[in-house]
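Asks: Pasting a structure here, questions to come.
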Amino acid sequence: MSNDPSLAIADPEMFALIQGETQRQFDKLRMIPSENYASRAVQEAMGSPLNNKYSEGYPRKRYYEGQQFVDPIEELAQSRIRSLFGVEHANVQPYSGSPANLAVLFAFCKAGEKIMGLGLPAGGHLTHGWSVSITGAYFDSKAYGVRRDDHRIDMDEVRKLAEEHKPKVIFCGGTAYPRLWDFAAFGELARSVGAILVADIAHISGLIAGGAHPSPVGHADVITSTTHKTLRGPRGGMIMTRKELAPAIDKAVFPGLQGGPHVSQMAALAVAAKEASDPSFKRYAAQVVANAKALAKALGDRGYSLVSGGTDNHLLLIDLTNKNITGKLGAKALDAAGIELNYNSVPFDPRKPFDPSGVRLGTPAITSRGLKEADMERVATWFDDAVQSAGADAKLASIATEVQRFLKDYPAPGIAL
Ligand SMILES: *Cc1c(COP(=O)(O)O)cnc(C)c1O
């Protein structure tokens with residue numbers, strides 16, 4: 001036996017678990033809107049000896065020797081992200097989306113100062129100041145919401161709150177908001193109250209890179225994102241900004257919040273940025289949105305109640321109340337039927353976050369497998385059958401078998417079975 005055996009030999013128990021998860025990702029309609037399939041090339045960059053390197057600091061300003069290859073790796077990631085999004089500066093070191101947001105707050109706010117963001121129940125992210133997050137515990141957060149009648153962000157409310165509280169930082173962007181963000185309106189408002197505007201594009205960065213959602217560049221002072229959602233890169237985060245704010249951001253990431261950057265992650269991000277600059281990625285981004293709209297129509301036709309009445313992006317939020325099932329039971333039935341999504345609060349949800357009224361689903365991953373608008377009818381039929389069949393395990397299992405059979409013809413990026 002080699003003294004450096006493969007995983008299958010070194011740890012068969014873990015190998016089997018990873019094999020199981022890989023197969024599961026192939027066999028299911030993966031519709032959690034924050035998930036995707038990273039390519040084989042991205043995964044190869046992640047699973048390399050770059051894992052072994054310590055590189056505290058930034059290119060040409062490191063605290064450790066041996067950076068002959070790491071410096072050009074990080075610079076390539078930075079320059080590809082700059083040109084993909086059209087920004088002046090990119091920090092590619094944040095370990096993920098949450099630390100990226102915390103770094104931005106550390107750059108511009110002192111503990112106890114005021115910040116604003118879309119509230120979690122209205123589709124915002126925890127890290128935009130929600131109470132249970134460090135960003136809500138250490139900063140004085142005033143959340144804005146959506147309107148009760150159309151579930152859209154109420155810019156009049158945002159303006160009123162911003163003028164009253166004069167926050168240091170305003171976040172826009174969310175995790176369960178199915179509509180376009182009016183970055184221009186937020187930019188104008190932030191300037192008028194002297195706040196730093198942070199556009200968190202974690203969910204939609206791939207749509208923006210592919211031209212399927214308007215860009216916050218030119219409106220937001222700082223743009224944060226994850227790199228593994230619609231952008232289809234490695235697990236990770238990044239922060240983009242203007243030259244003038246770059247030193248504050250860089251200092252906040254390192255040494256402010258983090259130690260050594262994950263070099264493999266930066267390399268894989270560079271690979272993903274190259275993929276996203278290919279013309280085929282524009283078609284991908286447009287198809288993600290076209291599929292989401294087709295699915296919204298097909299589910300609406302089946303009597304499902306869509307938050308805000310539909311979608312402009314990659315995700316749908318559905319209130320299941322009129323189907324007499326909770327979000328959690330709906331999500332469990334769907335998972336048993338081979339359709340993977342998450343239960344989610346809907347705006348003004350009378351139920352608790354751990355047992356809410358809705359489910360959230362999206363099309364980034366299934367579009368990566370090549371599903372098109374015409375397939376959304378079929379997906380909606382399975383979806384509806386599964387919700388109607390909650391509790392009927394044999395029926396759910398038979399839907400899962402149909403789904404699995406259907407997906408055999410759709411190769412999944414990064415998955416070789
Ligand atoms: C996913 C997400 C994050 C957090 O990213 P993690 O990588 O899970 O830490 C931050 N903001 C928004 C809007 C997100 O959707």
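By order of appearance in the structure tokens: chains A, B, ..., then residues from 1 within every chain, and ligands from 1 in the order shown.
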Given a cut-off of 7 Å, what residues near ligand 1 show up using only C-alpha atoms and all ligand atoms, put as a ChimeraX atom specification?

Replies: /A:34,96-99,124-125,127,173-175,200-203,225-226,235-237

Asks: Would you mind writing down, as a PyMOL selection string, each residue of region 12-239 of chain A that DSSP on the backbone assigns to helix (DSSP H, G or I)?

Replies: chain A and resi 12-27+40-46+49-52+70-85+97-108+120-122+126-128+134-137+155-165+183-193+205-209

Asks: Do a neighbour search on region 110-113 of chain A at 12 Å with only C-alpha atoms, toss out local chain neighbours closer than 3 positions, and write the hits as a list of chain:residue names.

Replies: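 Result of the neighbour search: A:Leu102, A:Ala103, A:Val104, A:Leu105, A:Phe106, A:Ala107, A:Met116, A:Gly129, A:Ile134, A:Thr135, A:Gly136, A:Ala137, A:Tyr138, A:Phe139, A:Asp140, A:Ser141, A:Lys142, A:His165, A:Lys166, A:Pro167, A:Lys168, A:Val169, A:Ile170, A:Ala195.
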
Asks: Write the residues you've just listed into a file as an mmCIF file, in the first residue's frame, and include N, CA, C and O atoms for each of them.

Replies:
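again.cif, freshly written:
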data_model
loop_
_atom_site.group_PDB
_atom_site.id
_atom_site.type_symbol
_atom_site.label_atom_id
_atom_site.label_comp_id
_atom_site.auth_asym_id
_atom_site.auth_seq_id
_atom_site.Cartn_x
_atom_site.Cartn_y
_atom_site.Cartn_z
ATOM 1 N N LEU A 102 -19.053 41.229 7.527
ATOM 2 C CA LEU A 102 -18.523 41.677 8.817
ATOM 3 C C LEU A 102 -17.292 42.560 8.600
ATOM 4 O O LEU A 102 -17.105 43.570 9.292
ATOM 5 N N ALA A 103 -16.463 42.208 7.627
ATOM 6 C CA ALA A 103 -15.279 43.021 7.333
ATOM 7 C C ALA A 103 -15.682 44.429 6.899
ATOM 8 O O ALA A 103 -15.056 45.417 7.297
ATOM 9 N N VAL A 104 -16.727 44.528 6.096
ATOM 10 C CA VAL A 104 -17.178 45.849 5.644
ATOM 11 C C VAL A 104 -17.655 46.684 6.838
ATOM 12 O O VAL A 104 -17.330 47.875 6.949
ATOM 13 N N LEU A 105 -18.391 46.052 7.744
ATOM 14 C CA LEU A 105 -18.841 46.783 8.930
ATOM 15 C C LEU A 105 -17.639 47.208 9.772
ATOM 16 O O LEU A 105 -17.586 48.329 10.284
ATOM 17 N N PHE A 106 -16.670 46.322 9.901
ATOM 18 C CA PHE A 106 -15.468 46.641 10.679
ATOM 19 C C PHE A 106 -14.711 47.812 10.029
ATOM 20 O O PHE A 106 -14.114 48.636 10.720
ATOM 21 N N ALA A 107 -14.777 47.902 8.712
ATOM 22 C CA ALA A 107 -14.070 48.982 8.004
ATOM 23 C C ALA A 107 -14.709 50.345 8.251
ATOM 24 O O ALA A 107 -14.012 51.357 8.308
ATOM 25 N N MET A 116 -28.326 49.773 8.552
ATOM 26 C CA MET A 116 -29.657 49.398 8.056
ATOM 27 C C MET A 116 -29.543 48.285 7.021
ATOM 28 O O MET A 116 -28.557 48.216 6.289
ATOM 29 N N GLY A 129 -27.543 42.818 9.853
ATOM 30 C CA GLY A 129 -27.949 43.447 11.103
ATOM 31 C C GLY A 129 -29.068 42.737 11.843
ATOM 32 O O GLY A 129 -29.643 43.299 12.780
ATOM 33 N N ILE A 134 -23.985 38.545 14.804
ATOM 34 C CA ILE A 134 -23.036 39.491 15.405
ATOM 35 C C ILE A 134 -23.281 40.904 14.858
ATOM 36 O O ILE A 134 -23.101 41.900 15.551
ATOM 37 N N THR A 135 -23.748 40.972 13.612
ATOM 38 C CA THR A 135 -23.984 42.286 13.005
ATOM 39 C C THR A 135 -25.183 43.002 13.632
ATOM 40 O O THR A 135 -25.280 44.228 13.545
ATOM 41 N N GLY A 136 -26.072 42.225 14.261
ATOM 42 C CA GLY A 136 -27.181 42.838 14.981
ATOM 43 C C GLY A 136 -26.843 43.056 16.447
ATOM 44 O O GLY A 136 -27.348 43.971 17.086
ATOM 45 N N ALA A 137 -25.973 42.198 16.973
ATOM 46 C CA ALA A 137 -25.611 42.297 18.386
ATOM 47 C C ALA A 137 -24.625 43.437 18.628
ATOM 48 O O ALA A 137 -24.679 44.103 19.661
ATOM 49 N N TYR A 138 -23.692 43.678 17.694
ATOM 50 C CA TYR A 138 -22.635 44.669 17.919
ATOM 51 C C TYR A 138 -22.920 46.014 17.266
ATOM 52 O O TYR A 138 -22.185 46.967 17.480
ATOM 53 N N PHE A 139 -23.942 46.071 16.415
ATOM 54 C CA PHE A 139 -24.287 47.340 15.779
ATOM 55 C C PHE A 139 -25.761 47.623 16.062
ATOM 56 O O PHE A 139 -26.528 46.715 16.377
ATOM 57 N N ASP A 140 -26.132 48.879 15.943
ATOM 58 C CA ASP A 140 -27.510 49.274 16.241
ATOM 59 C C ASP A 140 -28.267 49.246 14.916
ATOM 60 O O ASP A 140 -28.176 50.170 14.114
ATOM 61 N N SER A 141 -29.008 48.153 14.710
ATOM 62 C CA SER A 141 -29.560 47.893 13.385
ATOM 63 C C SER A 141 -31.029 48.287 13.294
ATOM 64 O O SER A 141 -31.830 47.953 14.159
ATOM 65 N N LYS A 142 -31.357 49.002 12.236
ATOM 66 C CA LYS A 142 -32.749 49.384 11.955
ATOM 67 C C LYS A 142 -33.136 48.718 10.630
ATOM 68 O O LYS A 142 -32.640 49.111 9.574
ATOM 69 N N HIS A 165 -32.545 57.933 11.203
ATOM 70 C CA HIS A 165 -31.459 57.310 11.967
ATOM 71 C C HIS A 165 -30.073 57.675 11.474
ATOM 72 O O HIS A 165 -29.085 57.441 12.163
ATOM 73 N N LYS A 166 -29.947 58.205 10.263
ATOM 74 C CA LYS A 166 -28.629 58.538 9.713
ATOM 75 C C LYS A 166 -27.616 57.406 9.929
ATOM 76 O O LYS A 166 -26.604 57.580 10.618
ATOM 77 N N PRO A 167 -27.888 56.215 9.344
ATOM 78 C CA PRO A 167 -26.984 55.077 9.560
ATOM 79 C C PRO A 167 -25.626 55.308 8.900
ATOM 80 O O PRO A 167 -25.533 56.057 7.914
ATOM 81 N N LYS A 168 -24.602 54.658 9.438
ATOM 82 C CA LYS A 168 -23.267 54.690 8.836
ATOM 83 C C LYS A 168 -23.261 53.879 7.547
ATOM 84 O O LYS A 168 -22.626 54.249 6.560
ATOM 85 N N VAL A 169 -23.948 52.723 7.605
ATOM 86 C CA VAL A 169 -23.936 51.787 6.475
ATOM 87 C C VAL A 169 -25.369 51.364 6.160
ATOM 88 O O VAL A 169 -26.157 51.108 7.066
ATOM 89 N N ILE A 170 -25.696 51.335 4.873
ATOM 90 C CA ILE A 170 -26.973 50.751 4.436
ATOM 91 C C ILE A 170 -26.659 49.555 3.544
ATOM 92 O O ILE A 170 -25.891 49.677 2.579
ATOM 93 N N ALA A 195 -24.510 57.939 4.041
ATOM 94 C CA ALA A 195 -24.202 56.548 4.433
ATOM 95 C C ALA A 195 -23.368 55.867 3.354
ATOM 96 O O ALA A 195 -23.418 56.240 2.183
#

Asks: Quick one: which region 335-390 of chain A residues come within 10 Å of region 306-310 of chain A, and what is the nearest atom pair for each with the distance in Å to one decimal, counting only C-alpha atoms, rows ordered by chain and ascending number, as a Markdown table?

Replies:
| residue | atom | partner | partner_atom | distance |
| --- | --- | --- | --- | --- |
| A:Val346 | CA | A:Val307 | CA | 7.2 |
| A:Pro347 | CA | A:Val307 | CA | 7.8 |
| A:Gly358 | CA | A:Val307 | CA | 9.2 |
| A:Val359 | CA | A:Leu306 | CA | 9.9 |
| A:Arg360 | CA | A:Val307 | CA | 9.9 |

Asks: Could you write out the selected residues, including N, CA, C and O atoms, as a CSV table (one decimal), in the first residue's frame?

Replies:
chain,number,residue,atom,x,y,z
A,346,VAL,N,-42.3,33.7,4.9
A,346,VAL,CA,-42.8,34.7,3.8
A,346,VAL,C,-43.0,36.0,4.5
A,346,VAL,O,-43.1,36.0,5.8
A,347,PRO,N,-43.0,37.1,3.8
A,347,PRO,CA,-43.2,38.4,4.5
A,347,PRO,C,-44.5,38.4,5.3
A,347,PRO,O,-45.5,37.9,4.9
A,358,GLY,N,-43.8,29.1,4.2
A,358,GLY,CA,-43.4,29.1,2.8
A,358,GLY,C,-42.2,28.2,2.4
A,358,GLY,O,-41.6,27.6,3.3
A,359,VAL,N,-42.0,28.0,1.1
A,359,VAL,CA,-40.8,27.4,0.6
A,359,VAL,C,-40.1,28.3,-0.3
A,359,VAL,O,-40.7,29.2,-1.0
A,360,ARG,N,-38.7,28.2,-0.5
A,360,ARG,CA,-38.0,29.0,-1.4
A,360,ARG,C,-37.3,28.1,-2.3
A,360,ARG,O,-36.7,27.0,-1.9

Asks: Using only C-alpha atoms, pick whichever of A:Ile204, A:Ala386, A:Leu161, A:Ala184 has the shortest atom-to-atom distance to Ala220 (chain A).

Replies: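 Of the candidates, the smallest distance to Ala220 (chain A) is held by A:Ala184.
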
Asks: Work out how far CA of Gly211 (chain A) is from CA of Met31 (chain A), in Å to one decimal.

Replies: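 Going from CA of Met31 (chain A) over to CA of Gly211 (chain A) covers 21.7 Å.
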
Asks: So what do you get for CA of Pro12 (chain A) versus CA of Ala41 (chain A), distance-wise?

Replies: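 Between these atoms lies a distance of 24.7 Å.
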
Asks: Can you pull out every residue within 9 Å of Pro178 (chain A), counting only C-alpha atoms, but drop anything in the same chain fewer than 2 positions away, and send it as a PyMOL selection string?

Replies: chain A and resi 123+175-176+180+307-308+310-317

Asks: Could you write out the selected residues, including all heavy atoms, as a tab-separated table (two decimals), in the first residue's frame?

Replies:
chain	number	residue	atom	x	y	z
A	123	GLY	N	-36.81	38.89	3.67
A	123	GLY	CA	-35.94	38.35	2.63
A	123	GLY	C	-34.50	38.82	2.72
A	123	GLY	O	-33.69	38.53	1.85
A	175	THR	N	-31.61	37.55	0.39
A	175	THR	CA	-31.43	36.12	0.22
A	175	THR	C	-32.75	35.44	-0.17
A	175	THR	O	-32.76	34.29	-0.59
A	175	THR	CB	-30.82	35.53	1.52
A	175	THR	OG1	-30.64	34.15	1.37
A	175	THR	CG2	-31.68	35.79	2.73
A	176	ALA	N	-33.85	36.16	-0.04
A	176	ALA	CA	-35.15	35.59	-0.42
A	176	ALA	C	-36.03	36.70	-1.00
A	176	ALA	O	-37.20	36.82	-0.66
A	176	ALA	CB	-35.82	34.93	0.77
A	180	LEU	N	-36.09	42.59	-8.75
A	180	LEU	CA	-34.88	43.37	-9.05
A	180	LEU	C	-34.60	44.36	-7.93
A	180	LEU	O	-35.51	44.89	-7.29
A	180	LEU	CB	-35.07	44.17	-10.35
A	180	LEU	CG	-35.28	43.38	-11.64
A	180	LEU	CD1	-35.36	44.35	-12.83
A	180	LEU	CD2	-34.16	42.37	-11.87
A	307	VAL	N	-44.93	34.87	-3.57
A	307	VAL	CA	-44.65	36.14	-2.92
A	307	VAL	C	-44.24	37.15	-3.99
A	307	VAL	O	-43.44	36.84	-4.87
A	307	VAL	CB	-43.52	35.96	-1.86
A	307	VAL	CG1	-43.01	37.31	-1.39
A	307	VAL	CG2	-44.04	35.13	-0.69
A	308	SER	N	-44.86	38.31	-3.96
A	308	SER	CA	-44.67	39.40	-4.92
A	308	SER	C	-45.31	39.08	-6.28
A	308	SER	O	-45.17	39.84	-7.22
A	308	SER	CB	-43.19	39.77	-5.12
A	308	SER	OG	-42.57	38.91	-6.07
A	310	GLY	N	-44.52	36.80	-8.46
A	310	GLY	CA	-43.68	36.20	-9.51
A	310	GLY	C	-42.22	36.38	-9.20
A	310	GLY	O	-41.81	36.45	-8.03
A	311	THR	N	-41.40	36.47	-10.23
A	311	THR	CA	-39.96	36.65	-10.02
A	311	THR	C	-39.33	37.42	-11.16
A	311	THR	O	-39.80	37.35	-12.30
A	311	THR	CB	-39.25	35.28	-9.86
A	311	THR	OG1	-37.86	35.50	-9.60
A	311	THR	CG2	-39.38	34.43	-11.11
A	312	ASP	N	-38.27	38.17	-10.82
A	312	ASP	CA	-37.43	38.81	-11.83
A	312	ASP	C	-36.06	38.16	-11.90
A	312	ASP	O	-35.22	38.54	-12.72
A	312	ASP	CB	-37.15	40.28	-11.45
A	312	ASP	CG	-38.41	41.12	-11.39
A	312	ASP	OD1	-39.33	40.88	-12.18
A	312	ASP	OD2	-38.44	42.04	-10.54
A	313	ASN	N	-35.79	37.25	-10.96
A	313	ASN	CA	-34.42	36.73	-10.89
A	313	ASN	C	-34.42	35.21	-10.91
A	313	ASN	O	-35.14	34.62	-11.71
A	313	ASN	CB	-33.68	37.33	-9.67
A	313	ASN	CG	-34.38	37.07	-8.34
A	313	ASN	OD1	-35.15	36.12	-8.19
A	313	ASN	ND2	-34.12	37.91	-7.36
A	314	HIS	N	-33.65	34.59	-10.07
A	314	HIS	CA	-33.45	33.14	-10.10
A	314	HIS	C	-34.30	32.42	-9.08
A	314	HIS	O	-34.23	31.21	-8.97
A	314	HIS	CB	-31.98	32.83	-9.82
A	314	HIS	CG	-31.60	33.30	-8.44
A	314	HIS	ND1	-31.68	34.62	-8.07
A	314	HIS	CD2	-31.19	32.63	-7.34
A	314	HIS	CE1	-31.32	34.73	-6.79
A	314	HIS	NE2	-31.02	33.55	-6.33
A	315	LEU	N	-35.05	33.16	-8.24
A	315	LEU	CA	-35.70	32.48	-7.11
A	315	LEU	C	-37.18	32.78	-7.00
A	315	LEU	O	-37.67	33.82	-7.45
A	315	LEU	CB	-34.96	32.78	-5.81
A	315	LEU	CG	-35.08	34.12	-5.11
A	315	LEU	CD1	-36.30	34.21	-4.22
A	315	LEU	CD2	-33.85	34.34	-4.24
A	316	LEU	N	-37.87	31.83	-6.39
A	316	LEU	CA	-39.31	31.95	-6.12
A	316	LEU	C	-39.53	31.69	-4.64
A	316	LEU	O	-38.90	30.81	-4.06
A	316	LEU	CB	-40.10	30.87	-6.88
A	316	LEU	CG	-40.28	30.92	-8.39
A	316	LEU	CD1	-38.97	30.68	-9.11
A	316	LEU	CD2	-41.27	29.86	-8.83
A	317	LEU	N	-40.42	32.48	-4.08
A	317	LEU	CA	-40.82	32.28	-2.69
A	317	LEU	C	-42.32	31.99	-2.75
A	317	LEU	O	-43.08	32.76	-3.34
A	317	LEU	CB	-40.51	33.55	-1.92
A	317	LEU	CG	-40.55	33.52	-0.40
A	317	LEU	CD1	-39.64	32.45	0.16
A	317	LEU	CD2	-40.12	34.90	0.14

Asks: Got a sec: who's within 7 Å of Leu231 (chain A), counting only C-alpha atoms, leaving out chain neighbours fewer than 4 positions off, as a list in words?

Replies: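 Here the qualifying residues turn out to be Ser205, Gly206 and Thr227 of chain A.
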
Asks: Write the residues of the preceding selection, restricted to N, CA and C atoms, as a CSV table (one decimal), in the first residue's frame.

Replies:
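Saved to result.csv:
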chain,number,residue,atom,x,y,z
A,205,SER,N,-24.8,37.5,-8.0
A,205,SER,CA,-23.6,37.9,-8.7
A,205,SER,C,-23.4,37.2,-10.1
A,206,GLY,N,-23.8,36.0,-10.2
A,206,GLY,CA,-23.7,35.3,-11.5
A,206,GLY,C,-24.7,36.0,-12.5
A,227,THR,N,-19.1,33.6,-3.7
A,227,THR,CA,-18.6,33.2,-5.0
A,227,THR,C,-19.2,31.8,-5.5

Asks: Can you tell me, as a PyMOL selection string, what residues are no more than 12 Å from Arg62 (chain A) when counting only C-alpha atoms, ignoring any on the same chain fewer than 4 positions away?

Replies: chain A and resi 54-58+66-68+70-71+74+254-255+259-261

Asks: With N, CA, C and O atoms retained, could you export that selection as an mmCIF file, in the first residue's frame?

Replies:
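Here's the written file part_23.cif:
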data_model
loop_
_atom_site.group_PDB
_atom_site.id
_atom_site.type_symbol
_atom_site.label_atom_id
_atom_site.label_comp_id
_atom_site.auth_asym_id
_atom_site.auth_seq_id
_atom_site.Cartn_x
_atom_site.Cartn_y
_atom_site.Cartn_z
ATOM 1 N N TYR A 54 0.606 29.093 3.314
ATOM 2 C CA TYR A 54 0.234 30.256 4.128
ATOM 3 C C TYR A 54 0.684 31.531 3.441
ATOM 4 O O TYR A 54 1.825 31.641 3.019
ATOM 5 N N SER A 55 -0.209 32.508 3.331
ATOM 6 C CA SER A 55 0.089 33.708 2.537
ATOM 7 C C SER A 55 -0.489 34.965 3.163
ATOM 8 O O SER A 55 -1.035 35.819 2.464
ATOM 9 N N GLU A 56 -0.345 35.102 4.477
ATOM 10 C CA GLU A 56 -0.898 36.300 5.123
ATOM 11 C C GLU A 56 -0.366 37.558 4.456
ATOM 12 O O GLU A 56 0.809 37.651 4.124
ATOM 13 N N GLY A 57 -1.255 38.521 4.287
ATOM 14 C CA GLY A 57 -0.894 39.755 3.598
ATOM 15 C C GLY A 57 -1.558 39.793 2.239
ATOM 16 O O GLY A 57 -2.566 39.111 1.993
ATOM 17 N N TYR A 58 -0.995 40.621 1.345
ATOM 18 C CA TYR A 58 -1.519 40.753 -0.011
ATOM 19 C C TYR A 58 -0.371 40.585 -0.987
ATOM 20 O O TYR A 58 0.802 40.630 -0.576
ATOM 21 N N GLY A 66 8.033 32.285 -0.038
ATOM 22 C CA GLY A 66 7.555 31.216 -0.918
ATOM 23 C C GLY A 66 6.303 31.584 -1.690
ATOM 24 O O GLY A 66 5.470 30.728 -1.990
ATOM 25 N N GLN A 67 6.160 32.863 -2.025
ATOM 26 C CA GLN A 67 4.916 33.325 -2.680
ATOM 27 C C GLN A 67 5.059 33.464 -4.195
ATOM 28 O O GLN A 67 4.295 34.186 -4.831
ATOM 29 N N GLN A 68 6.064 32.753 -4.788
ATOM 30 C CA GLN A 68 6.342 32.916 -6.220
ATOM 31 C C GLN A 68 5.119 32.595 -7.085
ATOM 32 O O GLN A 68 4.931 33.187 -8.135
ATOM 33 N N VAL A 70 1.845 32.041 -5.531
ATOM 34 C CA VAL A 70 0.627 32.535 -4.878
ATOM 35 C C VAL A 70 0.345 33.988 -5.275
ATOM 36 O O VAL A 70 -0.808 34.350 -5.522
ATOM 37 N N ASP A 71 1.398 34.811 -5.347
ATOM 38 C CA ASP A 71 1.152 36.208 -5.733
ATOM 39 C C ASP A 71 0.451 36.307 -7.090
ATOM 40 O O ASP A 71 -0.588 36.962 -7.200
ATOM 41 N N GLU A 74 -3.268 35.153 -6.771
ATOM 42 C CA GLU A 74 -4.202 36.126 -6.188
ATOM 43 C C GLU A 74 -4.412 37.310 -7.135
ATOM 44 O O GLU A 74 -5.535 37.804 -7.291
ATOM 45 N N PHE A 254 -7.794 41.734 6.225
ATOM 46 C CA PHE A 254 -6.548 41.316 6.863
ATOM 47 C C PHE A 254 -5.732 42.549 7.188
ATOM 48 O O PHE A 254 -5.505 43.351 6.299
ATOM 49 N N PRO A 255 -5.331 42.747 8.402
ATOM 50 C CA PRO A 255 -5.388 41.850 9.563
ATOM 51 C C PRO A 255 -6.631 42.000 10.426
ATOM 52 O O PRO A 255 -6.702 41.399 11.500
ATOM 53 N N GLY A 259 -6.898 35.723 9.180
ATOM 54 C CA GLY A 259 -5.481 35.424 9.052
ATOM 55 C C GLY A 259 -5.194 35.081 7.599
ATOM 56 O O GLY A 259 -5.574 35.811 6.694
ATOM 57 N N GLY A 260 -4.537 33.952 7.388
ATOM 58 C CA GLY A 260 -4.122 33.584 6.032
ATOM 59 C C GLY A 260 -5.294 33.325 5.110
ATOM 60 O O GLY A 260 -6.257 32.654 5.481
ATOM 61 N N PRO A 261 -5.214 33.865 3.892
ATOM 62 C CA PRO A 261 -6.278 33.598 2.917
ATOM 63 C C PRO A 261 -6.210 32.144 2.451
ATOM 64 O O PRO A 261 -5.154 31.513 2.529
#

Asks: Taking the DSSP assignment computed from this structure's backbone, write out as a PyMOL selection string all residues of region 286-410 of chain A that belong to strand (DSSP E).

Replies: chain A and resi 305-306+315-319+339-340+342-344+358-362
